[in-house]
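**Student:** You'll find run_7.cif just under this line, and it carries mmCIF, C-alpha atoms and all ligand atoms.
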data_input
#
loop_
_atom_site.label_atom_id
_atom_site.label_comp_id
_atom_site.auth_asym_id
_atom_site.auth_seq_id
_atom_site.Cartn_x
_atom_site.Cartn_y
_atom_site.Cartn_z
CA MET A 1 105.11 114.94 100.30
CA ARG A 2 106.17 111.89 98.57
CA VAL A 3 108.55 113.01 95.90
CA GLY A 4 108.68 110.26 93.37
CA VAL A 5 104.98 109.74 93.28
CA ARG A 6 104.09 110.33 89.72
CA MET A 7 105.16 106.96 88.39
CA ALA A 8 101.70 105.51 88.94
CA LEU A 9 100.35 108.01 86.41
CA LEU A 10 102.71 106.70 83.77
CA VAL A 11 101.03 103.32 83.80
CA GLY A 12 97.74 105.08 83.20
CA GLY A 13 94.87 102.71 82.59
CA LEU A 14 96.92 99.74 83.75
CA SER A 15 97.42 101.10 87.22
CA VAL A 16 94.21 99.73 88.72
CA GLY A 17 94.97 96.20 87.61
CA VAL A 18 98.57 96.49 88.70
CA MET A 19 97.59 97.73 92.12
CA SER A 20 95.27 94.84 92.80
CA LEU A 21 98.17 92.46 92.24
CA ALA A 22 100.71 94.51 94.10
CA ALA A 23 99.14 95.28 97.45
CA TRP A 24 99.22 92.69 100.17
CA ARG A 25 96.08 92.51 102.21
CA VAL A 26 97.07 91.93 105.79
CA PRO A 27 96.00 88.48 106.96
CA ALA A 28 93.31 88.66 109.61
CA ALA A 29 94.84 85.85 111.65
CA LEU A 30 98.25 85.46 113.19
CA PRO A 31 100.48 82.84 111.55
CA ASP A 32 99.91 80.38 114.38
CA GLY A 33 96.18 81.08 114.65
CA GLY A 34 93.23 78.98 113.48
CA PRO A 35 91.03 79.65 110.47
CA THR A 36 91.07 83.19 109.14
CA PRO A 37 88.02 84.95 110.54
CA ARG A 38 85.77 86.78 108.12
CA HIS A 39 86.03 90.50 108.58
CA ASP A 40 83.65 93.08 107.24
CA PRO A 41 84.69 96.56 108.39
CA PRO A 42 81.66 98.39 109.72
CA ALA A 43 80.80 101.49 107.68
CA ALA A 44 80.81 103.89 110.63
CA ALA A 45 82.35 102.08 113.57
CA ALA A 46 82.65 103.79 116.92
CA LEU A 47 86.14 105.14 117.46
CA ARG A 48 88.07 103.65 120.36
CA PHE A 49 90.98 106.04 120.89
CA VAL A 50 90.36 109.37 119.16
CA ASP A 51 87.84 112.19 118.90
CA ALA A 52 87.14 112.67 115.17
CA SER A 53 85.81 116.20 115.63
CA GLN A 54 89.01 117.24 117.43
CA LEU A 55 91.12 115.75 114.62
CA MET A 56 89.16 117.73 112.04
CA HIS A 57 89.34 120.90 114.13
CA GLU A 58 93.12 120.67 114.38
CA VAL A 59 93.56 119.94 110.67
CA ALA A 60 91.39 122.95 109.88
CA ILE A 61 93.65 125.18 112.01
CA LEU A 62 96.90 123.92 110.45
CA ALA A 63 95.45 124.15 106.93
CA SER A 64 93.88 127.58 107.47
CA PRO A 65 94.93 130.62 105.38
CA GLN A 66 96.63 132.11 108.48
CA MET A 67 99.24 129.31 108.35
CA GLU A 68 100.08 130.26 104.75
CA GLY A 69 100.90 126.71 103.72
CA ARG A 70 103.49 126.21 106.53
CA ALA A 71 106.61 126.46 104.34
CA THR A 72 109.86 126.06 106.30
CA GLY A 73 111.37 129.35 107.43
CA THR A 74 108.30 131.48 106.61
CA PRO A 75 106.01 133.37 109.01
CA GLY A 76 103.27 130.79 108.35
CA GLY A 77 105.66 127.94 109.14
CA LEU A 78 106.67 129.68 112.35
CA ARG A 79 103.00 130.17 113.30
CA ALA A 80 102.35 126.45 112.80
CA ARG A 81 105.42 125.59 114.87
CA ARG A 82 104.23 127.81 117.74
CA TRP A 83 100.74 126.32 117.61
CA ILE A 84 102.14 122.77 117.77
CA THR A 85 104.53 123.72 120.60
CA ASP A 86 101.56 125.08 122.58
CA ARG A 87 99.70 121.80 122.03
CA PHE A 88 102.74 119.77 123.24
CA ALA A 89 102.82 121.84 126.45
CA GLU A 90 99.05 121.59 126.93
CA ILE A 91 99.12 117.80 126.43
CA GLY A 92 101.94 117.47 128.96
CA LEU A 93 104.66 116.02 126.71
CA ALA A 94 108.06 116.29 128.39
CA PRO A 95 110.90 117.83 126.35
CA LEU A 96 113.85 115.58 125.46
CA ASP A 97 116.17 117.73 127.59
CA ALA A 98 116.60 121.23 129.02
CA ALA A 99 116.65 122.72 125.50
CA GLY A 100 112.85 122.40 125.36
CA HIS A 101 110.43 121.15 122.71
CA VAL A 102 111.71 123.27 119.82
CA ARG A 103 114.85 121.86 118.17
CA PRO A 104 116.18 124.29 115.53
CA PHE A 105 118.35 123.32 112.58
CA VAL A 106 119.54 124.95 109.39
CA VAL A 107 118.95 123.66 105.88
CA GLN A 108 121.50 124.68 103.29
CA GLN A 109 119.49 124.85 100.12
CA ARG A 110 121.08 125.08 96.71
CA GLU A 111 119.32 127.39 94.32
CA VAL A 112 120.01 128.49 90.82
CA ARG A 113 119.16 132.10 90.09
CA ALA A 114 119.46 133.45 86.59
CA ILE A 115 120.83 136.77 87.89
CA LEU A 116 124.03 135.06 88.98
CA PRO A 117 126.76 134.83 86.36
CA GLY A 118 126.27 131.62 84.46
CA GLY A 119 123.32 130.63 86.63
CA ARG A 120 125.76 129.31 89.20
CA PRO A 121 124.16 127.44 92.11
CA PHE A 122 124.37 129.19 95.44
CA ARG A 123 123.39 128.24 98.93
CA ARG A 124 120.55 129.71 100.92
CA ALA A 125 120.29 129.00 104.64
CA VAL A 126 116.74 128.16 105.70
CA GLU A 127 115.95 127.97 109.40
CA GLY A 128 113.80 125.03 110.38
CA ALA A 129 112.84 123.49 113.71
CA ASN A 130 111.37 120.20 114.84
CA VAL A 131 108.98 120.11 117.78
CA VAL A 132 109.88 117.07 119.89
CA GLY A 133 108.49 115.65 123.11
CA ARG A 134 108.48 112.38 124.98
CA VAL A 135 106.32 110.16 127.13
CA ALA A 136 108.53 108.25 129.57
CA GLY A 137 108.08 104.49 129.31
CA ARG A 138 107.48 102.16 132.24
CA GLU A 139 110.69 100.30 131.30
CA PRO A 140 113.25 103.11 131.24
CA GLY A 141 116.08 101.06 129.69
CA ALA A 142 114.04 99.87 126.70
CA ALA A 143 114.70 101.36 123.27
CA ALA A 144 112.13 104.00 122.27
CA ILE A 145 109.40 104.11 119.64
CA VAL A 146 109.72 107.34 117.62
CA VAL A 147 106.48 108.62 116.06
CA THR A 148 106.99 111.27 113.36
CA ALA A 149 104.77 113.51 111.20
CA HIS A 150 106.00 116.49 109.20
CA TYR A 151 104.17 119.79 109.69
CA ASP A 152 105.76 121.80 106.88
CA HIS A 153 104.20 122.10 103.44
CA LEU A 154 104.69 124.10 100.25
CA GLY A 155 103.68 127.59 101.43
CA VAL A 156 102.44 130.21 98.97
CA ARG A 157 103.30 129.94 95.28
CA ASP A 158 102.24 132.42 92.61
CA GLY A 159 99.98 134.06 95.19
CA ARG A 160 98.11 130.84 96.02
CA VAL A 161 98.20 129.16 99.41
CA TYR A 162 98.91 125.42 99.39
CA PRO A 163 97.07 124.41 102.57
CA GLY A 164 98.41 120.85 102.85
CA ALA A 165 95.45 119.48 104.78
CA ASP A 166 96.04 115.84 103.94
CA ASP A 167 99.79 116.47 103.39
CA ASN A 168 100.40 116.60 106.28
CA ALA A 169 98.15 118.45 108.72
CA SER A 170 96.40 115.08 108.94
CA GLY A 171 99.54 113.32 110.22
CA VAL A 172 100.21 116.06 112.78
CA ALA A 173 96.63 115.84 114.13
CA VAL A 174 97.05 112.07 114.60
CA LEU A 175 100.45 112.64 116.22
CA LEU A 176 98.75 114.94 118.75
CA ALA A 177 95.94 112.42 119.32
CA ALA A 178 98.55 109.71 119.98
CA ALA A 179 100.40 111.99 122.39
CA ARG A 180 97.18 112.63 124.35
CA HIS A 181 96.43 108.92 124.45
CA PHE A 182 99.83 107.83 125.74
CA VAL A 183 100.32 110.66 128.24
CA ALA A 184 97.15 109.32 129.90
CA ARG A 185 98.25 105.66 129.54
CA PRO A 186 102.05 105.46 129.82
CA PRO A 187 103.52 102.91 127.41
CA ARG A 188 106.09 100.22 128.19
CA ARG A 189 108.70 101.84 125.94
CA THR A 190 109.45 105.53 125.90
CA LEU A 191 107.56 107.24 123.10
CA ILE A 192 109.27 110.09 121.29
CA VAL A 193 106.75 112.33 119.53
CA ALA A 194 108.21 114.49 116.76
CA ALA A 195 106.51 117.06 114.53
CA LEU A 196 109.16 117.48 111.84
CA ASP A 197 110.02 120.48 109.67
CA ALA A 198 111.59 120.74 106.19
CA GLU A 199 110.34 117.38 104.92
CA GLU A 200 109.25 118.98 101.67
CA LEU A 201 112.76 120.40 101.19
CA GLY A 202 114.30 116.93 101.41
CA LEU A 203 113.61 115.12 104.72
CA HIS A 204 115.84 117.52 106.65
CA GLY A 205 113.82 117.44 109.87
CA ALA A 206 114.14 113.68 110.18
CA ARG A 207 117.88 113.86 109.54
CA ALA A 208 118.24 116.61 112.17
CA LEU A 209 116.24 114.57 114.68
CA LEU A 210 118.54 111.58 114.19
CA ARG A 211 121.53 113.81 114.94
CA SER A 212 120.03 114.83 118.32
CA PRO A 213 121.61 113.62 121.56
CA GLY A 214 119.90 110.46 122.78
CA MET A 215 118.81 109.41 119.30
CA ALA A 216 121.53 106.83 118.67
CA ARG A 217 120.56 103.87 116.53
CA ASP A 218 120.44 101.41 119.45
CA ALA A 219 118.22 103.76 121.48
CA ILE A 220 115.42 103.48 118.87
CA ALA A 221 113.40 100.30 118.42
CA LEU A 222 111.07 101.54 115.68
CA ASN A 223 110.00 104.60 113.70
CA ILE A 224 106.30 105.03 112.94
CA ASN A 225 105.91 107.76 110.32
CA LEU A 226 102.57 109.41 109.50
CA ASP A 227 102.21 111.30 106.22
CA MET A 228 98.85 111.72 104.42
CA LEU A 229 96.20 109.84 106.40
CA SER A 230 92.86 111.44 105.73
CA ARG A 231 91.29 110.48 102.42
CA SER A 232 90.91 107.42 100.26
CA ALA A 233 88.01 106.72 97.92
CA ALA A 234 88.64 103.00 98.43
CA ARG A 235 88.97 103.42 102.24
CA GLU A 236 92.47 101.94 102.10
CA ILE A 237 95.49 102.83 104.19
CA TYR A 238 98.96 101.48 103.46
CA ALA A 239 101.53 100.33 105.96
CA ALA A 240 104.95 100.23 104.29
CA GLY A 241 108.05 98.73 105.88
CA ALA A 242 107.32 95.04 106.44
CA TYR A 243 109.21 94.09 103.27
CA HIS A 244 112.39 95.36 104.94
CA THR A 245 111.46 94.07 108.41
CA PRO A 246 109.31 90.95 108.04
CA TRP A 247 108.57 90.53 111.77
CA LEU A 248 106.41 93.66 111.56
CA ALA A 249 103.83 91.88 109.38
CA PRO A 250 102.17 89.65 112.01
CA ILE A 251 101.90 92.59 114.41
CA LEU A 252 100.25 94.67 111.68
CA GLY A 253 98.04 91.63 111.04
CA GLU A 254 96.51 92.01 114.49
CA LEU A 255 95.09 95.40 113.57
CA GLN A 256 92.80 94.59 110.67
CA PRO A 257 90.09 92.67 112.55
CA ARG A 258 89.76 95.58 114.98
CA GLY A 259 89.87 98.34 112.36
CA ALA A 260 87.22 100.02 110.23
CA VAL A 261 89.43 100.67 107.18
CA THR A 262 91.31 98.30 104.89
CA LEU A 263 94.97 97.99 105.83
CA LEU A 264 97.30 97.05 102.98
CA LEU A 265 100.98 96.17 103.12
CA GLY A 266 103.14 97.32 100.22
CA HIS A 267 104.82 100.31 98.57
CA ASP A 268 108.06 99.21 100.23
CA ARG A 269 109.79 97.05 97.63
CA PRO A 270 111.30 97.51 94.17
CA PRO A 271 108.47 97.84 91.62
CA ARG A 272 109.63 94.69 89.83
CA LEU A 273 108.87 92.77 93.04
CA GLY A 274 105.76 94.78 93.84
CA GLY A 275 103.78 94.32 90.65
CA GLY A 276 104.78 97.78 89.44
CA LEU A 277 103.54 99.51 92.58
CA GLU A 278 105.77 102.43 93.48
CA ASP A 279 108.36 101.98 96.22
CA TRP A 280 107.87 104.60 98.96
CA THR A 281 110.89 103.50 101.03
CA HIS A 282 112.65 106.82 100.44
CA GLU A 283 109.62 109.09 99.95
CA SER A 284 109.04 110.52 103.43
CA ASP A 285 110.64 111.00 106.86
CA HIS A 286 111.00 107.29 107.58
CA ALA A 287 113.81 107.14 104.96
CA PRO A 288 116.61 108.51 107.18
CA PHE A 289 115.58 105.98 109.87
CA HIS A 290 115.70 103.19 107.30
CA ASP A 291 119.11 104.38 106.10
CA ALA A 292 120.28 104.23 109.74
CA HIS A 293 119.01 100.61 109.93
CA VAL A 294 116.09 101.47 112.21
CA PRO A 295 112.93 99.49 111.33
CA PHE A 296 110.07 101.69 110.17
CA VAL A 297 106.35 101.52 109.52
CA TYR A 298 105.04 104.26 107.28
CA PHE A 299 101.27 104.87 107.24
CA GLY A 300 99.91 106.78 104.24
CA VAL A 301 97.23 106.81 101.56
CA GLU A 302 97.57 106.57 97.80
CA ASP A 303 97.93 109.84 95.94
CA HIS A 304 94.79 111.78 95.14
CA PRO A 305 94.05 114.55 92.60
CA ASP A 306 94.64 117.31 95.21
CA TYR A 307 98.12 116.08 96.17
CA HIS A 308 100.53 119.09 96.19
CA ARG A 309 97.79 121.39 94.87
CA PRO A 310 96.04 124.44 96.38
CA THR A 311 92.95 122.21 96.60
CA ASP A 312 94.38 119.97 99.38
CA THR A 313 91.92 121.54 101.82
CA ALA A 314 90.34 120.36 105.08
CA GLY A 315 86.93 120.36 103.37
CA ARG A 316 88.04 117.51 101.10
CA ILE A 317 88.95 115.21 103.98
CA ASP A 318 86.71 112.22 104.71
CA PRO A 319 86.19 112.55 108.49
CA ALA A 320 84.92 108.98 108.97
CA PHE A 321 87.88 107.47 107.13
CA PHE A 322 90.33 109.82 108.85
CA GLY A 323 88.99 108.98 112.31
CA ALA A 324 89.20 105.26 111.60
CA VAL A 325 92.81 105.58 110.36
CA ALA A 326 93.78 107.57 113.46
CA ASP A 327 92.22 104.86 115.59
CA MET A 328 94.19 102.17 113.75
CA VAL A 329 97.47 104.12 114.10
CA ILE A 330 97.06 104.36 117.88
CA ASP A 331 96.11 100.68 117.98
CA ALA A 332 99.33 99.99 116.02
CA ILE A 333 101.52 101.97 118.42
CA GLN A 334 99.98 100.06 121.34
CA ALA A 335 100.53 96.74 119.58
CA PHE A 336 104.17 97.50 118.78
CA ASP A 337 104.76 98.75 122.32
CA ALA A 338 103.36 95.49 123.69
CA ARG A 339 104.95 93.11 121.18
CA LEU A 340 108.39 94.48 120.28
CA GLN A 341 111.13 92.34 121.78
ZN ZN A 401 103.98 114.85 103.17
#
Go ahead and express the file in the form of structure tokens.
Ligand SMILES: [Zn+2]
**Tutor:**
Amino acid sequence: MRVGVRMALLVGGLSVGVMSLAAWRVPAALPDGGPTPRHDPPAAAALRFVDASQLMHEVAILASPQMEGRATGTPGGLRARRWITDRFAEIGLAPLDAAGHVRPFVVQQREVRAILPGGRPFRRAVEGANVVGRVAGREPGAAAIVVTAHYDHLGVRDGRVYPGADDNASGVAVLLAAARHFVARPPRRTLIVAALDAEELGLHGARALLRSPGMARDAIALNINLDMLSRSAAREIYAAGAYHTPWLAPILGELQPRGAVTLLLGHDRPPRLGGGLEDWTHESDHAPFHDAHVPFVYFGVEDHPDYHRPTDTAGRIDPAFFGAVADMVIDAIQAFDARLQ
């Protein structure tokens, strides 16, 4: 999701002009480097770290009618959870502890039903579960990097399946690609890989993860959150978070010259400081990390016309853009693993 997203529509015709002022193009040179090298992203660059056809295959499975839109606590959501758990086992991700990959939690949802006297709110318990694994780092004492992507979506409404291909089957597919990459090439810091549930109900999976044993604030160096990665007419991907944590910016700056999509910093500050661009700081699963004073980088695209609609299908994904974003995300995780103090 991103809940508060509609503000951009309010500015209407002004939004294009506002955006060009408000997004910060990542400098292609480090602050202490020489002249900024010219960088023209190749149209169809070879991917370094991912298999684009596998990414698309996995998105198609998660966004298929059998998954029924993956709403938390529904049979389709459970099917998606099982499929992801099987992938974690197949990839060789270790569980956090003896409890295994699946970490259940309960969401108490308030609902108002007209049949109750006075329309009084009442609580409904919804059972969710995160799927969490880890790749042990080469430096066991170092704080971990936690990579997150929510797998839940909106389910079936009025008889129509909301497939949630971009939101957020795309993030889960990149999460799996990152897991494969780092299981084969163990990082310096331990990598915690979390497919989160109940994001669409209010970021409950991320909150539950932060309550898990071993997830204390000082055990986490950084959260990298992936939510909506697979389509952008302008071939632009945002990295939000550097406004809150300025030392992230030069590390993100290393990525652009190697990447085949345009990386923009922004969507992480009050609109009055961001040229009217919406602040996404509290719009996805990175928010509970931010509230716990853990630095975050959130990767995501601008909204598109199929956002939170039954038309958010795998067929509308741009495979070349998606592959290049996945490549850049894995490059980013490697860079943060190497550079974080
Ligand atoms: Zn989402």
**Student:** Can you tell me which residues sit at most 8 Å away from ligand ZN 401 (chain A), counting only C-alpha atoms and all ligand atoms, written as a list in words?
**Tutor:**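 These are the residues that qualify: Met1, Arg2, His150, His153, Asp167, Asn168, Glu199, Glu200, Asp227, Met228 and Ser284 of chain A.
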**Student:** Take CA of Ala240 in chain A and CA of Asp268 in chain A and report the distance between them in Å, one decimal.
**Tutor:** 5.2 Å
**Student:** Using only C-alpha atoms for the distances, tell me which of A:Leu248, A:Gly77, A:Pro95, A:Leu55 is nearest to Asp318 in chain A.
**Tutor:** A:Leu55
**Student:** For a quick check of understanding, using all atoms listed in the file, which of A:Tyr238, A:Phe336, A:Tyr151, A:Trp83 has the smallest distance to Gly171 in chain A?
**Tutor:** A:Tyr151
**Student:** Looking at A:Val132, A:Leu96, A:Ala80, A:Ile317, which one is nearest to Pro213 in chain A, with distances taken over only C-alpha atoms?
**Tutor:**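 Closest residue, counting only C-alpha atoms: A:Leu96.
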**Student:** So which one's closest to Ser230 in chain A, A:Ala169, A:Leu154, A:Val102, A:Ile61? Using all atoms listed in the file, please.
**Tutor:** A:Ala169
**Student:** I need the residue nearest Pro163 in chain A from this list: A:Gln334, A:Ser212, A:Thr85, A:Thr311. Use all atoms listed in the file for the distance.
**Tutor:** A:Thr311
**Student:** Excluding Ala89 in chain A and any residue of its chain fewer than 4 positions from it, enumerate the residues within 12 Å of it, using only C-alpha atoms, and give them as a list of chain:residue names.
**Tutor:**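 Near Ala89 in chain A, the qualifying residues are A:Arg82, A:Trp83, A:Ile84, A:Thr85, A:Leu93, A:Ala94, A:Pro95, A:Gly100, A:His101, A:Val102, A:Val131, A:Val132, A:Gly133, A:Arg134, A:Leu176, A:Ala179, A:Arg180, A:Val183.
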**Student:** Neighbours of Glu236 in chain A within 10 Å (all atoms listed in the file; same-chain residues fewer than 4 positions away dropped), as an NGL selection string?
**Tutor:** :A and (229 or 231-232 or 260-264 or 300-302 or 321 or 325)
**Student:** Taking 6 positions as the minimum chain separation for residues in the same chain, which residues sit within 10 Å of Asp51 in chain A when counting all atoms listed in the file? Answer as a list in words.
**Tutor:**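 Listed by chain and then number, they are Ala177, Gly323, Ala326 and Asp327 of chain A.
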**Student:** Separation of CA of Glu127 in chain A and CA of Phe105 in chain A, in Å?
**Tutor:** 6.1 Å
**Student:** So the first atom is CA of Arg79 in chain A and the second is CA of Arg103 in chain A; what is the distance between them in Å, to one decimal place?
**Tutor:**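 Computing the Euclidean distance for CA of Arg79 in chain A and CA of Arg103 in chain A yields 15.3 Å.
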**Student:** Please list as a PyMOL selection string every residue within 9 Å of Val147 in chain A, counting all atoms listed in the file and excluding residues in the same chain fewer than 2 positions away.
**Tutor:** chain A and resi 145+149+175+178+191-195+222-226+333
**Student:** Fewer than 2 positions away in the same chain doesn't count, so skip those; otherwise give me all residues within 7 Å of Pro104 in chain A, counting all atoms listed in the file, as a PyMOL selection string.
**Tutor:** chain A and resi 102+128-130
**Student:** Could you save those same residues with C-alpha atoms as a tab-separated table (two decimals), in the frame of the given file?
**Tutor:**
chain	number	residue	atom	x	y	z
A	102	VAL	CA	111.71	123.27	119.82
A	128	GLY	CA	113.80	125.03	110.38
A	129	ALA	CA	112.84	123.49	113.71
A	130	ASN	CA	111.37	120.20	114.84
**Student:** For a quick check of understanding, using all atoms listed in the file, which of A:Leu265, A:Ala165, A:Ala142, A:Val106 has the smallest distance to Asp306 in chain A?
**Tutor:**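 Closest residue, counting all atoms listed in the file: A:Ala165.
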**Student:** Considering all atoms listed in the file, tabulate each residue of range 101-203 of chain A that lies at most 7 Å from range 337-341 of chain A along with its nearest interatomic pair and the corresponding distance in Å to one decimal; arrange the rows by chain and ascending residue number and present them as a Markdown table.
**Tutor:**
| residue | atom | partner | partner_atom | distance |
| --- | --- | --- | --- | --- |
| A:Pro187 | CA | A:Asp337 | CA | 6.7 |
| A:Arg188 | CA | A:Asp337 | CA | 6.2 |
| A:Arg189 | CA | A:Asp337 | CA | 6.2 |
**Student:** Using all atoms listed in the file, give me every residue within 8 Å of (91.8, 122.0, 103.4) in file coordinates, as a list in words.
**Tutor:** Val59, Ala60, Ala63, Ser64, Pro163, Gly164, Ala165, Asp166, Thr311, Asp312, Thr313, Ala314, Gly315, Arg316 and Ile317 of chain A
**Student:** What would the file look like if the residues just selected were written as a PDB file, in the frame of the given file with C-alpha atoms?
**Tutor:**
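Wrote it out as out.pdb, contents follow:
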ATOM      1  CA  VAL A  59      93.560 119.940 110.670  1.00  0.00           C
ATOM      2  CA  ALA A  60      91.390 122.950 109.880  1.00  0.00           C
ATOM      3  CA  ALA A  63      95.450 124.150 106.930  1.00  0.00           C
ATOM      4  CA  SER A  64      93.880 127.580 107.470  1.00  0.00           C
ATOM      5  CA  PRO A 163      97.070 124.410 102.570  1.00  0.00           C
ATOM      6  CA  GLY A 164      98.410 120.850 102.850  1.00  0.00           C
ATOM      7  CA  ALA A 165      95.450 119.480 104.780  1.00  0.00           C
ATOM      8  CA  ASP A 166      96.040 115.840 103.940  1.00  0.00           C
ATOM      9  CA  THR A 311      92.950 122.210  96.600  1.00  0.00           C
ATOM     10  CA  ASP A 312      94.380 119.970  99.380  1.00  0.00           C
ATOM     11  CA  THR A 313      91.920 121.540 101.820  1.00  0.00           C
ATOM     12  CA  ALA A 314      90.340 120.360 105.080  1.00  0.00           C
ATOM     13  CA  GLY A 315      86.930 120.360 103.370  1.00  0.00           C
ATOM     14  CA  ARG A 316      88.040 117.510 101.100  1.00  0.00           C
ATOM     15  CA  ILE A 317      88.950 115.210 103.980  1.00  0.00           C
TER      16      ILE A 317
END
**Student:** The centre and edge lengths of an axis-aligned box containing all atoms of range 232-235 of chain A present in the file, extended by 8 Å on each side, are to be given in Å to one decimal, as AutoDock Vina command-line options.
**Tutor:**
--center_x 89.5 --center_y 105.2 --center_z 100.1 --size_x 18.9 --size_y 20.4 --size_z 20.3
